[in-house]
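> What follows is start-v2.cif, mmCIF, C-alpha atoms and all ligand atoms.
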```cif
data_start
#
loop_
_atom_site.label_atom_id
_atom_site.label_comp_id
_atom_site.auth_asym_id
_atom_site.auth_seq_id
_atom_site.Cartn_x
_atom_site.Cartn_y
_atom_site.Cartn_z
CA MET A 7 89.25 70.01 111.14
CA VAL A 8 90.51 71.06 107.70
CA SER A 9 90.08 74.80 108.16
CA PRO A 10 90.94 76.78 111.27
CA PRO A 11 87.82 77.82 113.21
CA VAL A 12 86.88 81.49 113.25
CA TRP A 13 88.03 82.23 116.75
CA ARG A 14 86.50 85.52 117.84
CA ALA A 15 88.04 86.87 121.01
CA SER A 16 89.23 90.13 122.46
CA THR A 17 89.73 88.79 125.97
CA HIS A 18 91.58 85.73 127.06
CA LEU A 19 91.11 84.72 130.68
CA TYR A 20 94.12 83.87 132.79
CA GLU A 21 94.06 81.21 135.50
CA ASP A 22 94.70 83.64 138.33
CA CYS A 23 96.81 86.63 139.29
CA GLU A 24 99.96 84.56 139.33
CA ASP A 25 99.30 83.37 135.77
CA LEU A 26 98.61 86.97 134.73
CA ALA A 27 101.84 88.15 136.30
CA ARG A 28 103.77 85.45 134.43
CA GLY A 29 102.70 87.05 131.16
CA ARG A 30 103.03 85.40 127.76
CA PRO A 31 105.79 85.32 125.13
CA ASN A 32 105.15 87.97 122.48
CA GLU A 33 104.86 85.42 119.67
CA ASP A 34 102.05 83.97 117.60
CA GLY A 35 100.59 80.93 119.32
CA HIS A 36 100.38 82.48 122.78
CA PHE A 37 97.09 83.94 124.01
CA TYR A 38 97.56 87.36 125.52
CA TYR A 39 94.88 89.78 124.32
CA GLY A 40 92.91 90.07 121.06
CA ARG A 41 95.22 92.71 119.63
CA ARG A 42 97.93 90.08 119.29
CA GLY A 43 95.56 87.89 117.30
CA GLY A 44 94.28 84.39 117.89
CA PRO A 45 94.37 80.98 116.25
CA THR A 46 92.65 82.08 113.01
CA GLN A 47 95.09 84.95 112.34
CA TRP A 48 98.07 82.83 113.43
CA ALA A 49 97.13 80.07 110.99
CA LEU A 50 97.02 82.55 108.10
CA ALA A 51 100.32 84.16 109.13
CA ASP A 52 101.93 80.71 109.34
CA ALA A 53 100.67 79.76 105.89
CA LEU A 54 102.03 82.99 104.39
CA THR A 55 105.39 82.46 106.08
CA ALA A 56 105.53 78.95 104.62
CA LEU A 57 104.71 80.40 101.19
CA GLU A 58 107.69 82.82 101.21
CA PRO A 59 110.92 80.79 101.40
CA GLY A 60 113.43 82.47 103.70
CA ALA A 61 110.83 84.17 105.90
CA ASP A 62 110.74 83.49 109.65
CA GLY A 63 107.42 85.24 110.22
CA THR A 64 104.55 87.27 108.79
CA GLU A 65 102.68 90.27 110.18
CA LEU A 66 99.09 90.84 109.05
CA PHE A 67 97.63 94.31 108.43
CA PRO A 68 94.12 95.56 107.71
CA SER A 69 95.17 96.54 104.14
CA GLY A 70 98.11 96.39 101.79
CA VAL A 71 98.69 100.11 102.27
CA ALA A 72 98.85 99.63 106.05
CA ALA A 73 101.47 96.90 105.53
CA ILE A 74 103.61 99.19 103.34
CA ALA A 75 103.31 102.24 105.63
CA CYS A 76 104.00 100.30 108.82
CA THR A 77 106.94 98.37 107.33
CA LEU A 78 108.62 101.59 106.20
CA MET A 79 108.00 103.25 109.57
CA ALA A 80 109.45 100.20 111.31
CA LEU A 81 112.66 100.20 109.31
CA LEU A 82 113.43 103.92 108.96
CA ARG A 83 114.38 106.58 111.51
CA PRO A 84 114.48 110.39 111.44
CA GLY A 85 117.34 111.51 109.17
CA ASP A 86 117.20 108.35 107.04
CA GLU A 87 116.59 108.38 103.32
CA LEU A 88 114.52 105.93 101.28
CA LEU A 89 114.81 105.27 97.55
CA VAL A 90 111.49 104.39 95.95
CA THR A 91 111.00 102.86 92.53
CA ASP A 92 109.48 105.32 90.05
CA ASN A 93 106.91 102.70 88.98
CA ALA A 94 105.55 102.21 92.50
CA TYR A 95 101.88 101.89 93.34
CA GLU A 96 100.68 105.48 93.78
CA PRO A 97 99.88 105.28 97.54
CA THR A 98 103.36 103.78 98.12
CA ARG A 99 104.88 106.75 96.35
CA SER A 100 102.84 109.18 98.47
CA ILE A 101 103.76 107.37 101.69
CA ALA A 102 107.45 107.58 100.73
CA LEU A 103 107.51 111.13 99.40
CA SER A 104 104.91 112.80 101.66
CA MET A 105 103.79 110.88 104.73
CA LEU A 106 107.28 109.87 105.92
CA LYS A 107 108.39 113.51 105.80
CA GLN A 108 106.51 114.20 109.04
CA PHE A 109 108.94 111.79 110.73
CA GLY A 110 112.03 113.42 109.22
CA ILE A 111 112.48 110.66 106.65
CA THR A 112 113.22 111.76 103.10
CA ALA A 113 112.70 109.80 99.89
CA LYS A 114 113.80 109.97 96.26
CA PRO A 115 112.41 108.11 93.27
CA PHE A 116 114.80 106.06 91.10
CA ASP A 117 114.46 104.60 87.62
CA PRO A 118 113.82 100.86 88.08
CA LEU A 119 115.13 100.10 84.59
CA ALA A 120 118.56 101.65 85.25
CA PRO A 121 120.06 99.81 88.23
CA GLU A 122 123.24 101.92 88.00
CA SER A 123 121.14 105.01 88.76
CA LEU A 124 120.24 103.41 92.09
CA ALA A 125 123.92 103.18 93.09
CA ASP A 126 124.42 106.85 92.06
CA LEU A 127 121.64 107.99 94.40
CA ILE A 128 122.90 106.20 97.51
CA GLY A 129 124.24 108.53 100.17
CA GLU A 130 125.41 107.86 103.71
CA ASN A 131 121.90 108.22 105.13
CA THR A 132 120.21 106.02 102.52
CA LYS A 133 118.93 103.07 104.49
CA ALA A 134 116.33 101.29 102.38
CA VAL A 135 114.93 100.80 98.91
CA MET A 136 111.28 100.18 98.04
CA LEU A 137 110.85 97.94 94.99
CA GLU A 138 107.95 96.72 92.89
CA SER A 139 108.03 94.45 89.84
CA PRO A 140 106.23 94.52 87.51
CA GLY A 141 105.49 98.18 88.24
CA SER A 142 101.96 99.39 88.87
CA LEU A 143 100.08 100.41 85.71
CA THR A 144 103.06 100.39 83.31
CA MET A 145 104.25 96.88 84.20
CA GLU A 146 108.03 97.39 83.89
CA VAL A 147 109.87 94.28 85.05
CA CYS A 148 113.09 95.30 86.76
CA ASP A 149 116.21 93.38 87.68
CA ILE A 150 115.32 92.74 91.33
CA PRO A 151 118.33 90.50 92.08
CA ALA A 152 120.67 93.25 90.79
CA LEU A 153 118.85 96.04 92.66
CA ALA A 154 118.69 94.03 95.89
CA ALA A 155 122.40 93.18 95.59
CA ILE A 156 123.29 96.88 95.23
CA ALA A 157 121.17 97.67 98.29
CA ARG A 158 122.79 94.88 100.33
CA LYS A 159 126.30 95.98 99.30
CA HIS A 160 125.53 99.42 100.73
CA GLY A 161 124.08 98.03 103.96
CA MET A 162 120.53 98.98 102.97
CA LEU A 163 117.34 96.96 103.37
CA SER A 164 115.25 96.15 100.32
CA ILE A 165 111.50 95.92 100.61
CA ILE A 166 109.43 94.65 97.70
CA ASP A 167 105.73 94.98 97.00
CA ASN A 168 105.25 91.39 95.81
CA THR A 169 101.48 91.60 95.26
CA TRP A 170 101.56 90.94 91.48
CA ALA A 171 103.38 87.60 91.36
CA SER A 172 103.00 86.55 95.01
CA PRO A 173 105.75 84.24 96.31
CA LEU A 174 104.30 81.50 94.05
CA GLY A 175 105.58 83.38 91.02
CA PHE A 176 108.43 85.31 92.64
CA PRO A 177 110.02 84.09 95.88
CA ALA A 178 111.29 87.56 96.76
CA LEU A 179 113.54 86.77 99.72
CA GLN A 180 115.32 84.11 97.65
CA HIS A 181 115.94 86.81 95.05
CA GLY A 182 117.72 88.98 97.61
CA CYS A 183 114.96 91.13 99.11
CA ASP A 184 114.69 91.56 102.89
CA VAL A 185 110.94 92.10 103.19
CA SER A 186 108.12 90.84 100.96
CA VAL A 187 104.92 92.88 101.31
CA MET A 188 101.61 91.90 99.74
CA SER A 189 98.15 93.28 99.42
CA LEU A 190 96.20 90.15 100.33
CA THR A 191 93.15 92.03 99.05
CA LYS A 192 94.18 90.93 95.55
CA HIS A 193 95.20 87.31 94.79
CA VAL A 194 95.09 85.83 98.27
CA GLY A 195 91.57 87.02 99.06
CA GLY A 196 90.74 86.45 95.41
CA HIS A 197 86.99 87.06 95.70
CA SER A 198 86.77 90.85 96.08
CA ASP A 199 85.28 90.60 99.57
CA VAL A 200 88.15 91.18 101.98
CA MET A 201 90.91 93.74 102.53
CA MET A 202 94.21 92.76 104.14
CA GLY A 203 97.96 93.11 103.83
CA SER A 204 101.04 91.23 104.97
CA ALA A 205 104.77 91.65 105.48
CA SER A 206 107.04 88.58 105.59
CA ALA A 207 110.72 88.62 106.48
CA ALA A 208 113.49 86.77 108.28
CA LYS A 209 114.56 87.63 111.82
CA PRO A 210 115.51 90.18 113.08
CA VAL A 211 113.72 92.36 110.47
CA ILE A 212 110.32 90.73 111.04
CA ASN A 213 110.63 91.46 114.77
CA ARG A 214 111.11 95.17 114.05
CA ILE A 215 108.00 95.16 111.83
CA ARG A 216 106.03 93.28 114.47
CA ARG A 217 107.00 95.78 117.17
CA GLN A 218 105.93 98.71 114.98
CA ALA A 219 102.66 96.98 114.07
CA GLN A 220 101.94 96.46 117.76
CA PHE A 221 102.75 100.09 118.60
CA MET A 222 100.27 101.12 115.94
CA GLY A 223 97.58 98.68 117.04
CA GLN A 224 97.44 96.85 113.72
CA VAL A 225 95.07 93.91 113.90
CA VAL A 226 92.88 91.97 111.47
CA SER A 227 89.60 90.30 112.32
CA PRO A 228 89.41 86.50 112.57
CA ASP A 229 86.52 86.55 110.08
CA ASP A 230 88.67 88.34 107.51
CA ALA A 231 91.61 86.05 108.25
CA ALA A 232 89.39 83.03 107.59
CA LEU A 233 88.29 84.53 104.24
CA ALA A 234 91.91 85.18 103.27
CA MET A 235 92.82 81.63 104.30
CA ARG A 236 90.03 80.22 102.16
CA GLY A 237 91.26 82.29 99.21
CA LEU A 238 94.82 81.14 99.73
CA ARG A 239 93.78 77.49 99.27
CA THR A 240 92.90 78.10 95.61
CA MET A 241 95.33 80.89 94.77
CA GLN A 242 97.63 78.72 92.68
CA VAL A 243 94.90 77.36 90.39
CA ARG A 244 93.25 80.77 90.06
CA LEU A 245 96.58 82.38 89.14
CA ARG A 246 97.34 79.67 86.59
CA GLN A 247 93.91 80.07 85.02
CA SER A 248 93.91 83.87 84.85
CA THR A 249 97.51 83.97 83.61
CA GLY A 250 96.63 81.67 80.70
CA THR A 251 93.61 83.79 79.79
CA ALA A 252 95.57 87.04 80.16
CA VAL A 253 98.25 85.85 77.73
CA GLN A 254 95.59 84.91 75.14
CA ILE A 255 93.92 88.30 75.51
CA ALA A 256 97.24 90.17 75.42
CA GLU A 257 98.15 88.40 72.20
CA TRP A 258 94.79 89.21 70.67
CA LEU A 259 95.07 92.88 71.68
CA SER A 260 98.60 93.12 70.25
CA ASN A 261 97.13 92.46 66.78
CA HIS A 262 94.32 95.02 67.10
CA PRO A 263 94.70 98.30 65.14
CA ALA A 264 93.38 100.40 68.06
CA VAL A 265 96.23 99.17 70.30
CA ALA A 266 99.72 100.71 70.14
CA ALA A 267 101.47 98.52 72.72
CA VAL A 268 100.61 95.71 75.10
CA LEU A 269 102.36 95.82 78.48
CA CYS A 270 102.10 92.20 79.57
CA PRO A 271 105.40 90.69 80.71
CA MET A 272 104.10 87.12 80.19
CA LEU A 273 103.63 87.80 76.46
CA PRO A 274 106.67 86.83 74.35
CA GLY A 275 108.11 89.95 72.76
CA ALA A 276 106.43 92.34 75.21
CA PRO A 277 108.55 94.73 77.33
CA GLY A 278 110.11 92.92 80.29
CA HIS A 279 109.38 89.43 78.97
CA ASP A 280 113.01 88.25 79.06
CA LEU A 281 113.59 89.33 82.67
CA TRP A 282 110.20 87.94 83.63
CA ARG A 283 111.14 84.57 82.14
CA ARG A 284 114.50 84.64 83.88
CA ASP A 285 113.24 85.49 87.38
CA PHE A 286 109.55 84.58 87.63
CA SER A 287 107.90 81.18 87.69
CA GLY A 288 104.38 82.53 87.29
CA GLY A 289 102.27 85.54 86.49
CA CYS A 290 98.72 86.71 87.01
CA GLY A 291 95.81 88.27 85.16
CA LEU A 292 96.87 91.91 85.55
CA PHE A 293 98.33 93.78 82.56
CA SER A 294 97.96 97.02 80.62
CA PHE A 295 97.87 98.32 77.09
CA VAL A 296 98.24 101.68 75.34
CA MET A 297 95.69 102.95 72.87
CA ALA A 298 96.83 103.83 69.33
CA ASN A 299 97.38 107.40 68.16
CA HIS A 300 93.94 107.88 66.64
CA VAL A 301 92.11 107.02 69.89
CA ASP A 302 91.22 109.98 72.09
CA ALA A 303 90.10 109.98 75.73
CA ALA A 304 86.41 110.08 74.81
CA ALA A 305 86.81 107.02 72.56
CA ARG A 306 88.69 105.20 75.31
CA ALA A 307 85.80 105.93 77.67
CA ARG A 308 83.29 104.65 75.07
CA PHE A 309 85.31 101.43 74.84
CA ILE A 310 85.42 100.86 78.60
CA ASP A 311 81.78 101.82 79.12
CA ALA A 312 80.66 99.42 76.38
CA LEU A 313 82.23 96.39 78.11
CA ASP A 314 79.73 93.96 79.60
CA LEU A 315 82.00 91.43 81.31
CA PHE A 316 84.57 93.90 82.62
CA GLY A 317 83.54 96.09 85.56
CA VAL A 318 85.05 99.54 86.05
CA GLY A 319 86.68 99.64 89.46
CA PHE A 320 89.87 99.62 91.46
CA SER A 321 91.57 96.58 92.81
CA TRP A 322 92.38 93.37 90.93
CA GLY A 323 93.06 89.69 91.51
CA GLY A 324 89.37 88.81 91.95
CA PHE A 325 87.36 86.21 90.07
CA GLU A 326 85.76 88.97 87.98
CA SER A 327 87.44 90.97 85.22
CA LEU A 328 87.96 94.72 85.59
CA ALA A 329 89.12 97.57 83.35
CA ILE A 330 90.33 101.06 84.28
CA PRO A 331 91.78 103.92 82.24
CA PHE A 332 95.07 105.44 83.37
CA ASP A 333 97.68 108.08 82.55
CA PRO A 334 101.08 107.24 84.07
CA ALA A 335 102.62 110.73 83.80
CA PRO A 336 101.51 112.08 87.21
CA VAL A 337 102.53 108.92 89.07
CA HIS A 338 105.73 107.85 87.24
CA THR A 339 107.77 111.02 86.91
CA LEU A 340 111.25 109.86 85.81
CA ARG A 341 110.06 107.68 82.95
CA PRO A 342 106.29 107.43 82.44
CA TRP A 343 106.38 104.48 80.00
CA PRO A 344 108.79 101.56 79.50
CA PRO A 345 111.41 102.44 76.85
CA GLY A 346 111.17 101.17 73.30
CA ILE A 347 107.39 100.98 73.05
CA ASP A 348 105.01 102.85 70.79
CA THR A 349 103.22 105.06 73.32
CA GLY A 350 100.55 105.84 70.74
CA SER A 351 97.99 108.25 72.15
CA GLY A 352 99.52 107.89 75.63
CA LEU A 353 96.16 106.65 76.90
CA GLY A 354 96.48 103.53 79.04
CA VAL A 355 93.99 100.86 80.00
CA ARG A 356 94.65 98.32 82.74
CA LEU A 357 92.85 94.99 82.69
CA SER A 358 92.47 92.56 85.54
CA ILE A 359 91.55 89.22 84.01
CA GLY A 360 89.34 87.05 86.17
CA LEU A 361 88.10 83.50 85.78
CA GLU A 362 85.65 84.04 82.92
CA ASP A 363 86.06 82.16 79.64
CA ALA A 364 88.83 83.60 77.43
CA SER A 365 86.72 83.65 74.26
CA ASP A 366 83.87 85.44 76.04
CA LEU A 367 86.29 88.11 77.28
CA ILE A 368 87.87 88.54 73.85
CA GLY A 369 84.41 88.84 72.32
CA ASP A 370 83.54 91.53 74.84
CA LEU A 371 86.75 93.48 74.19
CA ALA A 372 86.13 93.23 70.43
CA GLN A 373 82.63 94.70 70.70
CA GLY A 374 83.92 97.36 73.10
CA LEU A 375 86.66 98.45 70.70
CA ASP A 376 84.08 98.52 67.88
CA ALA A 377 81.88 100.74 70.06
CA MET A 378 84.56 103.46 69.90
CA GLY A 379 83.20 104.10 66.42
CA ILE A 380 86.65 104.51 64.85
CA SER A 381 88.73 101.87 63.18
C1 LIG B 1 96.13 97.35 95.71
C2 LIG B 1 97.60 97.43 95.88
C3 LIG B 1 98.16 97.72 97.13
C4 LIG B 1 97.33 98.16 98.31
O1 LIG B 1 96.55 97.18 98.82
P1 LIG B 1 95.19 97.50 99.66
O2 LIG B 1 94.93 96.18 100.24
O3 LIG B 1 94.21 97.97 98.63
O4 LIG B 1 95.53 98.55 100.66
C5 LIG B 1 99.52 97.69 97.25
N1 LIG B 1 100.31 97.41 96.20
C6 LIG B 1 99.82 97.14 94.98
C7 LIG B 1 100.76 96.84 93.88
C8 LIG B 1 98.44 97.16 94.78
O5 LIG B 1 97.95 96.97 93.56
#
```
I'd like the structure from this file rewritten - as structure tokens, please.


Amino acid sequence: MVSPPVWRASTHLYEDCEDLARGRPNEDGHFYYGRRGGPTQWALADALTALEPGADGTELFPSGVAAIACTLMALLRPGDELLVTDNAYEPTRSIALSMLKQFGITAKPFDPLAPESLADLIGENTKAVMLESPGSLTMEVCDIPALAAIARKHGMLSIIDNTWASPLGFPALQHGCDVSVMSLTKHVGGHSDVMMGSASAAKPVINRIRRQAQFMGQVVSPDDAALAMRGLRTMQVRLRQSTGTAVQIAEWLSNHPAVAAVLCPMLPGAPGHDLWRRDFSGGCGLFSFVMANHVDAAARARFIDALDLFGVGFSWGGFESLAIPFDPAPVHTLRPWPPGIDTGSGLGVRLSIGLEDASDLIGDLAQGLDAMGIS
């Protein structure tokens, strides 16, 4: 069989009482009870471990947010401090700065573009750093090898949200990180019909995450695991396709008078391009741009609402293109925009480029920008 069967089971029957008393090793591949998964989930976890060089195992979670929350809870203890990148995905920031407080864990944001500021913030209780590159919304590419090396030198663990590039574009453990977390909802699922998350790491860190995940009863359904597995088969070609289209669109937008700056690390000359070229071997269809000075929020809304091929909605990494407006100030407090760019009106738009034809998408963006009724 090419694909693993969808193996639905909560209960596994033992031979007899003696067999039951013998128990089972707490590892993938051993039937115990449905909460420890079955062959469908194990096949997906194995594939994700193989995808991330340096990982010894992968834990699956019902969402990317669950993977982030559970990983941080696994690796931090009361009294510990976490440093979180200022360009983190908003729920990650809230988990770090709010949710973890109930467990006596404190967190501080740091500027991802100033690695020396990370070293300055490290105190004796600082135990981990939460990284993300490119950053959510504003797409700053940061020097992950340098940041991870600083963390390691201070005996801290570094965890990266590797959803944007996936290990295909950024093998995070090889670049010095200890844990690579992904929202599988995005590129791996790829078809906007499944939610899931993962954390991959070497031993013994992965064992700590596994133990925490089991304490918290984290489990994914075999049906969802099969969907994620099916998505994974085509992830590389989908990423290649949407990256190529995204670069064409980013270039086109960078020449449009209604656009102040394009935040697309794959575009030569764009912020973060040099670091992206140094460290990444691939990209994806997600990038942002900033509207020019003369565009106001109502005009931005007219633009987005006029789009036919782009839906308005959260998430990204699907086959279909999406657009959302954003304002980074409430979620990136140390430095809302990457330095050195024209922040224009300060009104951001994030695009997730799907698998549609590039010229159709550019045509749609052109008519949408015209619909603002300003030039
Ligand atoms: C969407 C997203 C997540 C959360 O994933 P869910 O599966 O939606 O919980 C985490 N990190 C990044 C960067 C994301 O864009």

> Considering only C-alpha atoms and all ligand atoms, give me a table of residues in chain A that are at most 8 Å from ligand LIG 1 (chain B), with the closest atom pair and distance in Å for each, as JSON lines.


```
{"residue": "A:Pro68", "atom": "CA", "partner": "B:LIG1", "partner_atom": "O2", "distance": 7.5}
{"residue": "A:Ser69", "atom": "CA", "partner": "B:LIG1", "partner_atom": "O2", "distance": 3.9}
{"residue": "A:Gly70", "atom": "CA", "partner": "B:LIG1", "partner_atom": "O1", "distance": 3.4}
{"residue": "A:Val71", "atom": "CA", "partner": "B:LIG1", "partner_atom": "O4", "distance": 3.9}
{"residue": "A:Ala72", "atom": "CA", "partner": "B:LIG1", "partner_atom": "O4", "distance": 6.4}
{"residue": "A:Ala73", "atom": "CA", "partner": "B:LIG1", "partner_atom": "O4", "distance": 7.9}
{"residue": "A:Ile74", "atom": "CA", "partner": "B:LIG1", "partner_atom": "C5", "distance": 7.5}
{"residue": "A:Ala94", "atom": "CA", "partner": "B:LIG1", "partner_atom": "C7", "distance": 7.3}
{"residue": "A:Tyr95", "atom": "CA", "partner": "B:LIG1", "partner_atom": "C7", "distance": 5.2}
{"residue": "A:Pro97", "atom": "CA", "partner": "B:LIG1", "partner_atom": "C4", "distance": 7.6}
{"residue": "A:Thr98", "atom": "CA", "partner": "B:LIG1", "partner_atom": "C5", "distance": 7.3}
{"residue": "A:Glu138", "atom": "CA", "partner": "B:LIG1", "partner_atom": "C7", "distance": 7.3}
{"residue": "A:Gly141", "atom": "CA", "partner": "B:LIG1", "partner_atom": "C7", "distance": 7.5}
{"residue": "A:Ser142", "atom": "CA", "partner": "B:LIG1", "partner_atom": "C7", "distance": 5.7}
{"residue": "A:Asp167", "atom": "CA", "partner": "B:LIG1", "partner_atom": "N1", "distance": 6.0}
{"residue": "A:Asn168", "atom": "CA", "partner": "B:LIG1", "partner_atom": "C7", "distance": 7.3}
{"residue": "A:Thr169", "atom": "CA", "partner": "B:LIG1", "partner_atom": "C7", "distance": 5.5}
{"residue": "A:Trp170", "atom": "CA", "partner": "B:LIG1", "partner_atom": "C7", "distance": 6.4}
{"residue": "A:Met188", "atom": "CA", "partner": "B:LIG1", "partner_atom": "C5", "distance": 6.6}
{"residue": "A:Ser189", "atom": "CA", "partner": "B:LIG1", "partner_atom": "O1", "distance": 4.3}
{"residue": "A:Leu190", "atom": "CA", "partner": "B:LIG1", "partner_atom": "O2", "distance": 6.2}
{"residue": "A:Thr191", "atom": "CA", "partner": "B:LIG1", "partner_atom": "O2", "distance": 4.7}
{"residue": "A:Lys192", "atom": "CA", "partner": "B:LIG1", "partner_atom": "C1", "distance": 6.7}
{"residue": "A:Met201", "atom": "CA", "partner": "B:LIG1", "partner_atom": "O2", "distance": 5.2}
{"residue": "A:Met202", "atom": "CA", "partner": "B:LIG1", "partner_atom": "O2", "distance": 5.2}
{"residue": "A:Gly203", "atom": "CA", "partner": "B:LIG1", "partner_atom": "O2", "distance": 5.6}
{"residue": "A:Phe320", "atom": "CA", "partner": "B:LIG1", "partner_atom": "C1", "distance": 7.9}
{"residue": "A:Ser321", "atom": "CA", "partner": "B:LIG1", "partner_atom": "C1", "distance": 5.5}
{"residue": "A:Trp322", "atom": "CA", "partner": "B:LIG1", "partner_atom": "O5", "distance": 7.1}
```

> Which residues come within 12 Å of Ala61 of chain A, counting only C-alpha atoms, excluding same-chain residues fewer than 3 positions away, as a compact mmCIF listing (two decimals) with C-alpha atoms, in the frame of the given file?


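To be explicit, this is the file written out as around.txt:
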```txt
# COMPACT_ATOMS: atom_id res chain seq x y z
CA ALA A 51 100.32 84.16 109.13
CA ASP A 52 101.93 80.71 109.34
CA ALA A 53 100.67 79.76 105.89
CA LEU A 54 102.03 82.99 104.39
CA THR A 55 105.39 82.46 106.08
CA ALA A 56 105.53 78.95 104.62
CA LEU A 57 104.71 80.40 101.19
CA GLU A 58 107.69 82.82 101.21
CA THR A 64 104.55 87.27 108.79
CA GLU A 65 102.68 90.27 110.18
CA PRO A 173 105.75 84.24 96.31
CA PRO A 177 110.02 84.09 95.88
CA ALA A 178 111.29 87.56 96.76
CA LEU A 179 113.54 86.77 99.72
CA GLN A 180 115.32 84.11 97.65
CA GLY A 182 117.72 88.98 97.61
CA CYS A 183 114.96 91.13 99.11
CA ASP A 184 114.69 91.56 102.89
CA VAL A 185 110.94 92.10 103.19
CA SER A 186 108.12 90.84 100.96
CA VAL A 187 104.92 92.88 101.31
CA ALA A 205 104.77 91.65 105.48
CA SER A 206 107.04 88.58 105.59
CA ALA A 207 110.72 88.62 106.48
CA ALA A 208 113.49 86.77 108.28
CA LYS A 209 114.56 87.63 111.82
CA PRO A 210 115.51 90.18 113.08
CA VAL A 211 113.72 92.36 110.47
CA ILE A 212 110.32 90.73 111.04
CA ASN A 213 110.63 91.46 114.77
```

> Just the residues within 12 Å of Ser123 of chain A, please, counting all atoms listed in the file, with nothing from its chain fewer than 4 positions along; format it as a PyMOL selection string.

chain A and resi 89+91-92+114-119+127-128+152-153+156+340

> Which residues are near Ile380 of chain A? Cut-off 12 Å, all atoms listed in the file, ignore same chain within fewer than 2 positions. Put them as a list in words.

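That gives Pro263, Ala264, Ala298, Asn299, His300, Val301, Asp302, Ala304, Ala305, Arg306, Arg308, Phe309, Gly374, Leu375, Asp376, Ala377 and Met378 of chain A.
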
> Include C-alpha atoms and write out the residues we just selected as a PDB file, in the frame of the given file.


```pdb
ATOM      1  CA  PRO A 263      94.700  98.300  65.140  1.00  0.00           C
ATOM      2  CA  ALA A 264      93.380 100.400  68.060  1.00  0.00           C
ATOM      3  CA  ALA A 298      96.830 103.830  69.330  1.00  0.00           C
ATOM      4  CA  ASN A 299      97.380 107.400  68.160  1.00  0.00           C
ATOM      5  CA  HIS A 300      93.940 107.880  66.640  1.00  0.00           C
ATOM      6  CA  VAL A 301      92.110 107.020  69.890  1.00  0.00           C
ATOM      7  CA  ASP A 302      91.220 109.980  72.090  1.00  0.00           C
ATOM      8  CA  ALA A 304      86.410 110.080  74.810  1.00  0.00           C
ATOM      9  CA  ALA A 305      86.810 107.020  72.560  1.00  0.00           C
ATOM     10  CA  ARG A 306      88.690 105.200  75.310  1.00  0.00           C
ATOM     11  CA  ARG A 308      83.290 104.650  75.070  1.00  0.00           C
ATOM     12  CA  PHE A 309      85.310 101.430  74.840  1.00  0.00           C
ATOM     13  CA  GLY A 374      83.920  97.360  73.100  1.00  0.00           C
ATOM     14  CA  LEU A 375      86.660  98.450  70.700  1.00  0.00           C
ATOM     15  CA  ASP A 376      84.080  98.520  67.880  1.00  0.00           C
ATOM     16  CA  ALA A 377      81.880 100.740  70.060  1.00  0.00           C
ATOM     17  CA  MET A 378      84.560 103.460  69.900  1.00  0.00           C
TER      18      MET A 378
END
```

> Using all atoms listed in the file, which of the listed residues (A:Pro271, A:Gly195, A:Gly360, A:Gly379) sits closest to Ala312 of chain A?

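For Ala312 of chain A, the nearest of the given residues is A:Gly379.
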
> To one decimal place, how far is atom CA of Leu66 of chain A from atom CA of Ala232 of chain A in Å?

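Interatomic distance, atom CA of Leu66 of chain A to atom CA of Ala232 of chain A: 12.5 Å.
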
> Let me make sure I understand: among A:Leu259, A:Leu281, A:Leu88, A:Ala307, which one has the smallest atom-to-atom distance to Gly369 of chain A if we use all atoms listed in the file?

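The closest residue to Gly369 of chain A is A:Leu259.
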
> Have a look at A:Ala231, A:Pro342, A:Val296, A:Val90 and name the one nearest to His262 of chain A; count only C-alpha atoms.

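Using only C-alpha atoms, His262 of chain A sits closest to A:Val296.
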
> How far is it from atom CA of Leu106 of chain A to atom CA of Leu78 of chain A, in Å with one decimal?

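Interatomic distance here is 8.4 Å.
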
> Would you compute the box with edges along x, y and z of the file around segment 211-230 of chain A, including every atom the file lists for it and 3 Å extra on each side, and give its centre and edge lengths in Å to one decimal, as lines of an AutoDock Vina configuration file?


```
center_x = 100.1
center_y = 93.8
center_z = 113.1
size_x = 33.2
size_y = 20.6
size_z = 17.1
```

> Neighbours of Gln254 of chain A within 12 Å (all atoms listed in the file; same-chain residues fewer than 3 positions away dropped), as a ChimeraX atom specification?

/A:247-251,257-261,268,270,272-274,291,293,359,363-368

> Okay, now the selection with C-alpha atoms, as a tab-separated table (two decimals), keeping the file's coordinate frame?


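Just written: part_4.tsv:
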```tsv
chain	number	residue	atom	x	y	z
A	247	GLN	CA	93.91	80.07	85.02
A	248	SER	CA	93.91	83.87	84.85
A	249	THR	CA	97.51	83.97	83.61
A	250	GLY	CA	96.63	81.67	80.70
A	251	THR	CA	93.61	83.79	79.79
A	257	GLU	CA	98.15	88.40	72.20
A	258	TRP	CA	94.79	89.21	70.67
A	259	LEU	CA	95.07	92.88	71.68
A	260	SER	CA	98.60	93.12	70.25
A	261	ASN	CA	97.13	92.46	66.78
A	268	VAL	CA	100.61	95.71	75.10
A	270	CYS	CA	102.10	92.20	79.57
A	272	MET	CA	104.10	87.12	80.19
A	273	LEU	CA	103.63	87.80	76.46
A	274	PRO	CA	106.67	86.83	74.35
A	291	GLY	CA	95.81	88.27	85.16
A	293	PHE	CA	98.33	93.78	82.56
A	359	ILE	CA	91.55	89.22	84.01
A	363	ASP	CA	86.06	82.16	79.64
A	364	ALA	CA	88.83	83.60	77.43
A	365	SER	CA	86.72	83.65	74.26
A	366	ASP	CA	83.87	85.44	76.04
A	367	LEU	CA	86.29	88.11	77.28
A	368	ILE	CA	87.87	88.54	73.85
```

> So which one's closest to Arg244 of chain A, A:Val337, A:Cys290, A:Ala171, A:Met145? Using only C-alpha atoms, please.

A:Cys290
